[in-house]
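Input: a single structure, listed below in structure tokens.
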Amino acid sequence: MNETYRKCKEAADYIASKLDAKDAIGIVLGSGLGELGNEIEDPIIVDYADIPHFPKTTVAGHEGKLICGKLNGAKVLCMKGRFHFYEGHDMRTVSMPVRVMKLLGVKAVILTNAAGGCNKTFKPGTLMFIDDFINYMGDNPLYGENVDEFGPRFPDMTLAIDREYNALGKICAKELGIDVRSGVYMAFRGPNFETPAEIRFAQTIGADAVGMSTVPEILAARHCGLRVIGISCITNMAAGMTGEALSHAEVQETADRVKDQFKGLIKAIVSRM
Ligand code: HPA
């Protein structure tokens, strides 16, 4: 058996002994969004520390818990805390939770993150549906021997983002009166924020937002046939766009300011998926 598959299977078997996530909607909560996990009703919580082969999260605000239960009437499996490439995990580790979700029978995943806006028409606080993405991380969770149990050697990325769910998400936003945008998310390795020159490059090649996560998870999700949508909270204008220096504090402040709107949007979407 392929080593990556074996690890994911052992992790999934352990989680399945604690909870039933069949046909749930997987949600990966990005920076500042963790609170949504507290709103899950009848929660069954599994600590990452108890899951075989799951690494530890090292980022403040990323707690390290899987929470299964009901959110606005929908069955969800929520990841409170994700693994980032910049923490030193390899790509297979970063994308492991998504594959584990697949093995648990999750039907779709919603990936969320905090991102810098490089589209000049965005503002801090803008929510952006990820319509497409650029993998600028210099690595890929699908490198190496293909894990045939999950999917094909050369997976299509034309339809990486699920069109039906993405359209549904935009309808929900409209109904809630949220002025969402959509665009291209470009993933850098981090952990430094980009340089102004890198942001001009990102703008030139068509990025609307930049960040340090999510792309490995989209790749792994698409590879194993999970339906996926992604939403970025634009927490700051990207480097060089305002003349001000960037800080993690600003990222957290904005995420905090729009979290109720963001949570409301996700709750509306899951109830109709
Ligand atoms: N760059 C990269 N990642 C980010 C940013 C940014 O400006 N803001 C929030 N996450």
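Identifiers in this document derive from the order of the structure tokens: chains are assigned A, B, ..., residues are numbered from 1 separately in each chain, and ligands are numbered from 1 in order of occurrence.
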Env of stretch 224-229 of chain A: 8 Å cut, atoms = only C-alpha atoms, seq-sep filter 2 positions within chain, self excluded. Answer as an mmCIF file with N, CA and C atoms, in the first residue's frame.
```
data_model
loop_
_atom_site.group_PDB
_atom_site.id
_atom_site.type_symbol
_atom_site.label_atom_id
_atom_site.label_comp_id
_atom_site.auth_asym_id
_atom_site.auth_seq_id
_atom_site.Cartn_x
_atom_site.Cartn_y
_atom_site.Cartn_z
ATOM 1 N N ARG A 99 -7.505 14.862 2.312
ATOM 2 C CA ARG A 99 -7.582 13.466 1.871
ATOM 3 C C ARG A 99 -8.269 12.605 2.932
ATOM 4 N N LYS A 102 -11.880 13.035 2.622
ATOM 5 C CA LYS A 102 -12.398 12.214 1.521
ATOM 6 C C LYS A 102 -12.658 10.780 2.008
ATOM 7 N N VAL A 106 -16.765 12.686 3.343
ATOM 8 C CA VAL A 106 -17.205 14.079 3.178
ATOM 9 C C VAL A 106 -17.547 14.320 1.708
ATOM 10 N N LYS A 107 -18.599 15.105 1.438
ATOM 11 C CA LYS A 107 -19.030 15.245 0.032
ATOM 12 C C LYS A 107 -18.446 16.476 -0.661
ATOM 13 N N ALA A 108 -18.051 17.468 0.109
ATOM 14 C CA ALA A 108 -17.497 18.685 -0.494
ATOM 15 C C ALA A 108 -16.708 19.426 0.579
ATOM 16 N N VAL A 109 -15.800 20.287 0.166
ATOM 17 C CA VAL A 109 -15.073 21.079 1.164
ATOM 18 C C VAL A 109 -15.153 22.570 0.837
ATOM 19 N N ILE A 110 -15.257 23.351 1.911
ATOM 20 C CA ILE A 110 -15.180 24.808 1.798
ATOM 21 C C ILE A 110 -13.854 25.202 2.428
ATOM 22 N N LEU A 111 -12.980 25.803 1.634
ATOM 23 C CA LEU A 111 -11.670 26.215 2.139
ATOM 24 C C LEU A 111 -11.685 27.723 2.340
ATOM 25 N N PHE A 129 -14.583 35.083 -3.550
ATOM 26 C CA PHE A 129 -14.648 33.681 -3.960
ATOM 27 C C PHE A 129 -13.449 33.370 -4.847
ATOM 28 N N ILE A 130 -12.791 32.271 -4.553
ATOM 29 C CA ILE A 130 -11.635 31.857 -5.356
ATOM 30 C C ILE A 130 -12.165 31.155 -6.609
ATOM 31 N N PHE A 150 -6.287 7.688 -4.541
ATOM 32 C CA PHE A 150 -6.961 8.987 -4.464
ATOM 33 C C PHE A 150 -7.381 9.524 -5.828
ATOM 34 N N GLY A 151 -6.535 9.355 -6.829
ATOM 35 C CA GLY A 151 -6.906 9.927 -8.123
ATOM 36 C C GLY A 151 -5.833 9.738 -9.177
ATOM 37 N N ALA A 160 -11.387 22.742 -11.171
ATOM 38 C CA ALA A 160 -10.962 22.499 -9.783
ATOM 39 C C ALA A 160 -11.966 23.067 -8.789
ATOM 40 N N ILE A 161 -12.457 24.250 -9.100
ATOM 41 C CA ILE A 161 -13.456 24.870 -8.231
ATOM 42 C C ILE A 161 -14.832 24.451 -8.740
ATOM 43 N N ASP A 162 -15.654 23.948 -7.836
ATOM 44 C CA ASP A 162 -16.956 23.434 -8.237
ATOM 45 C C ASP A 162 -17.870 24.577 -8.685
ATOM 46 N N TYR A 165 -21.448 24.893 -6.771
ATOM 47 C CA TYR A 165 -21.375 25.388 -5.393
ATOM 48 C C TYR A 165 -20.841 26.821 -5.339
ATOM 49 N N ASN A 166 -19.919 27.134 -6.246
ATOM 50 C CA ASN A 166 -19.374 28.495 -6.297
ATOM 51 C C ASN A 166 -20.503 29.479 -6.658
ATOM 52 N N ILE A 218 -6.597 22.605 -2.304
ATOM 53 C CA ILE A 218 -7.438 22.532 -3.518
ATOM 54 C C ILE A 218 -6.909 21.425 -4.430
ATOM 55 N N ALA A 220 -5.150 18.729 -3.730
ATOM 56 C CA ALA A 220 -5.421 17.386 -3.204
ATOM 57 C C ALA A 220 -6.902 17.053 -3.267
ATOM 58 N N ALA A 221 -7.743 18.057 -3.009
ATOM 59 C CA ALA A 221 -9.193 17.821 -3.036
ATOM 60 C C ALA A 221 -9.656 17.480 -4.453
ATOM 61 N N ARG A 222 -9.173 18.234 -5.407
ATOM 62 C CA ARG A 222 -9.557 17.986 -6.794
ATOM 63 C C ARG A 222 -9.057 16.616 -7.254
ATOM 64 N N ILE A 231 -13.035 30.576 -0.228
ATOM 65 C CA ILE A 231 -13.378 31.984 0.016
ATOM 66 C C ILE A 231 -12.230 32.637 0.794
#
```
(request) Pick out the residues sitting within 12 Å of A:Arg6, and hand them over as a PyMOL selection string; count only C-alpha atoms, and ignore anything fewer than 3 positions along from it in its own chain. (result) chain A and resi 1-3+9-13+52-53+96+99-100+103+147+149-150
(request) Name the residues in contact with A:Leu127 at a cut-off of 7 Å, using only C-alpha atoms, excluding same-chain residues fewer than 4 positions from it; report them as a ChimeraX atom specification. (result) /A:180-181,231-234
Keeping only all heavy atoms, write the selected residues to a file as a PDB file, in the first residue's frame.
```pdb
ATOM      1  N   VAL A 180     -19.697  40.508  -2.295  1.00  0.00           N
ATOM      2  CA  VAL A 180     -18.530  39.654  -2.511  1.00  0.00           C
ATOM      3  C   VAL A 180     -17.933  39.872  -3.887  1.00  0.00           C
ATOM      4  O   VAL A 180     -18.610  40.319  -4.810  1.00  0.00           O
ATOM      5  CB  VAL A 180     -18.823  38.135  -2.367  1.00  0.00           C
ATOM      6  CG1 VAL A 180     -19.089  37.745  -0.948  1.00  0.00           C
ATOM      7  CG2 VAL A 180     -19.905  37.698  -3.312  1.00  0.00           C
ATOM      8  N   ARG A 181     -16.676  39.540  -4.007  1.00  0.00           N
ATOM      9  CA  ARG A 181     -15.992  39.611  -5.289  1.00  0.00           C
ATOM     10  C   ARG A 181     -15.510  38.209  -5.631  1.00  0.00           C
ATOM     11  O   ARG A 181     -15.551  37.313  -4.791  1.00  0.00           O
ATOM     12  CB  ARG A 181     -14.789  40.556  -5.173  1.00  0.00           C
ATOM     13  CG  ARG A 181     -15.129  41.884  -4.527  1.00  0.00           C
ATOM     14  CD  ARG A 181     -16.091  42.683  -5.400  1.00  0.00           C
ATOM     15  NE  ARG A 181     -15.496  42.934  -6.681  1.00  0.00           N
ATOM     16  CZ  ARG A 181     -14.717  43.975  -6.973  1.00  0.00           C
ATOM     17  NH1 ARG A 181     -14.501  44.893  -6.049  1.00  0.00           N
ATOM     18  NH2 ARG A 181     -14.190  44.119  -8.149  1.00  0.00           N
ATOM     19  N   ILE A 231     -13.035  30.576  -0.228  1.00  0.00           N
ATOM     20  CA  ILE A 231     -13.378  31.984   0.016  1.00  0.00           C
ATOM     21  C   ILE A 231     -12.230  32.637   0.794  1.00  0.00           C
ATOM     22  O   ILE A 231     -11.798  32.117   1.830  1.00  0.00           O
ATOM     23  CB  ILE A 231     -14.682  32.136   0.832  1.00  0.00           C
ATOM     24  CG1 ILE A 231     -15.807  31.297   0.208  1.00  0.00           C
ATOM     25  CG2 ILE A 231     -15.099  33.606   0.911  1.00  0.00           C
ATOM     26  CD1 ILE A 231     -17.072  31.236   1.062  1.00  0.00           C
ATOM     27  N   SER A 232     -11.749  33.759   0.270  1.00  0.00           N
ATOM     28  CA  SER A 232     -10.692  34.516   0.948  1.00  0.00           C
ATOM     29  C   SER A 232     -11.289  35.732   1.614  1.00  0.00           C
ATOM     30  O   SER A 232     -12.127  36.428   1.028  1.00  0.00           O
ATOM     31  CB  SER A 232      -9.647  35.024  -0.063  1.00  0.00           C
ATOM     32  OG  SER A 232      -8.955  33.952  -0.652  1.00  0.00           O
ATOM     33  N   CYS A 233     -10.830  36.003   2.830  1.00  0.00           N
ATOM     34  CA  CYS A 233     -11.134  37.286   3.467  1.00  0.00           C
ATOM     35  C   CYS A 233      -9.929  38.183   3.189  1.00  0.00           C
ATOM     36  O   CYS A 233      -8.809  37.889   3.628  1.00  0.00           O
ATOM     37  CB  CYS A 233     -11.325  37.081   4.968  1.00  0.00           C
ATOM     38  SG  CYS A 233     -11.483  38.631   5.851  1.00  0.00           S
ATOM     39  N   ILE A 234     -10.152  39.239   2.445  1.00  0.00           N
ATOM     40  CA  ILE A 234      -9.060  40.171   2.135  1.00  0.00           C
ATOM     41  C   ILE A 234      -8.820  41.012   3.396  1.00  0.00           C
ATOM     42  O   ILE A 234      -9.617  41.901   3.701  1.00  0.00           O
ATOM     43  CB  ILE A 234      -9.414  41.070   0.934  1.00  0.00           C
ATOM     44  CG1 ILE A 234      -9.790  40.217  -0.288  1.00  0.00           C
ATOM     45  CG2 ILE A 234      -8.261  42.039   0.613  1.00  0.00           C
ATOM     46  CD1 ILE A 234      -8.726  39.293  -0.803  1.00  0.00           C
TER      47      ILE A 234
END
```
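When only C-alpha atoms are used to measure the gap to A:Leu159, the shortest distance among A:Ile266, A:Ile67, A:Leu219, A:Ile51 belongs to A:Leu219.
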(request) Would you list the contacts of A:Phe54 as number ranges by chain, taking every protein, DNA or RNA residue within 9 Å and counting only C-alpha atoms, but skipping same-chain residues closer than 4 positions in sequence? (result) A: 7-8, 11, 48-50, 93, 96-97
Residues within 7 Å of ligand 1, counting only C-alpha atoms and all ligand atoms: report them as a PDB file with N, CA and C atoms, in the first residue's frame.
```pdb
ATOM      1  N   ALA A 114      -7.273  33.900   5.023  1.00  0.00           N
ATOM      2  CA  ALA A 114      -7.048  35.341   5.023  1.00  0.00           C
ATOM      3  C   ALA A 114      -6.052  35.608   3.897  1.00  0.00           C
ATOM      4  N   ALA A 115      -6.232  36.702   3.170  1.00  0.00           N
ATOM      5  CA  ALA A 115      -5.357  36.954   2.034  1.00  0.00           C
ATOM      6  C   ALA A 115      -5.119  38.445   1.872  1.00  0.00           C
ATOM      7  N   GLY A 116      -4.050  38.772   1.176  1.00  0.00           N
ATOM      8  CA  GLY A 116      -3.775  40.160   0.837  1.00  0.00           C
ATOM      9  C   GLY A 116      -4.412  40.471  -0.507  1.00  0.00           C
ATOM     10  N   GLY A 117      -5.023  41.632  -0.618  1.00  0.00           N
ATOM     11  CA  GLY A 117      -5.661  41.997  -1.885  1.00  0.00           C
ATOM     12  C   GLY A 117      -4.657  42.667  -2.812  1.00  0.00           C
ATOM     13  N   GLY A 190       5.557  31.863   1.641  1.00  0.00           N
ATOM     14  CA  GLY A 190       5.679  32.543   2.923  1.00  0.00           C
ATOM     15  C   GLY A 190       6.963  32.086   3.604  1.00  0.00           C
ATOM     16  N   PHE A 193       5.567  38.218   4.343  1.00  0.00           N
ATOM     17  CA  PHE A 193       4.646  38.823   3.393  1.00  0.00           C
ATOM     18  C   PHE A 193       5.452  39.128   2.128  1.00  0.00           C
ATOM     19  N   GLU A 194       4.781  39.210   1.013  1.00  0.00           N
ATOM     20  CA  GLU A 194       5.468  39.409  -0.263  1.00  0.00           C
ATOM     21  C   GLU A 194       6.155  40.778  -0.294  1.00  0.00           C
ATOM     22  N   VAL A 210      -3.334  37.358  -2.703  1.00  0.00           N
ATOM     23  CA  VAL A 210      -2.156  36.521  -2.432  1.00  0.00           C
ATOM     24  C   VAL A 210      -2.246  35.975  -1.014  1.00  0.00           C
ATOM     25  N   GLY A 211      -1.700  34.768  -0.848  1.00  0.00           N
ATOM     26  CA  GLY A 211      -1.717  34.159   0.479  1.00  0.00           C
ATOM     27  C   GLY A 211      -0.726  33.018   0.560  1.00  0.00           C
ATOM     28  N   MET A 212      -0.773  32.314   1.680  1.00  0.00           N
ATOM     29  CA  MET A 212       0.233  31.276   1.935  1.00  0.00           C
ATOM     30  C   MET A 212      -0.396  29.909   2.210  1.00  0.00           C
ATOM     31  N   ILE A 234     -10.152  39.239   2.445  1.00  0.00           N
ATOM     32  CA  ILE A 234      -9.060  40.171   2.135  1.00  0.00           C
ATOM     33  C   ILE A 234      -8.820  41.012   3.396  1.00  0.00           C
ATOM     34  N   THR A 235      -7.760  40.680   4.106  1.00  0.00           N
ATOM     35  CA  THR A 235      -7.538  41.327   5.407  1.00  0.00           C
ATOM     36  C   THR A 235      -6.711  42.598   5.288  1.00  0.00           C
ATOM     37  N   ASN A 236      -6.042  42.752   4.155  1.00  0.00           N
ATOM     38  CA  ASN A 236      -5.142  43.905   3.984  1.00  0.00           C
ATOM     39  C   ASN A 236      -4.871  44.073   2.502  1.00  0.00           C
ATOM     40  N   MET A 237      -4.515  45.274   2.106  1.00  0.00           N
ATOM     41  CA  MET A 237      -4.024  45.441   0.745  1.00  0.00           C
ATOM     42  C   MET A 237      -2.589  44.938   0.725  1.00  0.00           C
ATOM     43  N   ALA A 238      -2.214  44.262  -0.371  1.00  0.00           N
ATOM     44  CA  ALA A 238      -0.917  43.591  -0.438  1.00  0.00           C
ATOM     45  C   ALA A 238       0.232  44.604  -0.409  1.00  0.00           C
ATOM     46  N   ALA A 239       1.425  44.082  -0.201  1.00  0.00           N
ATOM     47  CA  ALA A 239       2.611  44.914   0.017  1.00  0.00           C
ATOM     48  C   ALA A 239       2.799  45.956  -1.087  1.00  0.00           C
ATOM     49  N   VAL A 251      -3.895  41.824   9.870  1.00  0.00           N
ATOM     50  CA  VAL A 251      -4.615  40.658   9.336  1.00  0.00           C
ATOM     51  C   VAL A 251      -5.667  40.202  10.341  1.00  0.00           C
TER      52      VAL A 251
END
```
(message) Just list as an MDAnalysis selection string whatever in stretch 24-177 of chain A DSSP marks as alpha helix (DSSP H).
(response) chainID A and resid 91:94 96:103 163:175
(request) Run DSSP on the backbone of this structure and report the residues of stretch 171-213 of chain A it assigns to strand (DSSP E), as a ChimeraX atom specification. (result) /A:181-187,209-211
(message) Just to confirm, what's the straight-line distance from atom CA of A:Gly243 to atom CA of A:Thr112 in Å (one decimal)?
(response) 27.1 Å
(request) Return the single residue from A:Asp156, A:Asp179, A:Asp20, A:Asp208 that is closest to A:Phe133, with distances computed using only C-alpha atoms. (result)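 Nearest candidate to A:Phe133 out of A:Asp156, A:Asp179, A:Asp20, A:Asp208: A:Asp208.
Atom CA of A:Gly230 to atom CA of A:Asp131 spans 7.9 Å [interatomic distance, one decimal].
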(message) Which residues are near stretch 28-33 of chain A? Cut-off 7 Å, only C-alpha atoms, ignore same chain within fewer than 2 positions. Put them as a PyMOL selection string.
(response) chain A and resi 26+35-36+61-62+78-81+110-114+252+255-256+259
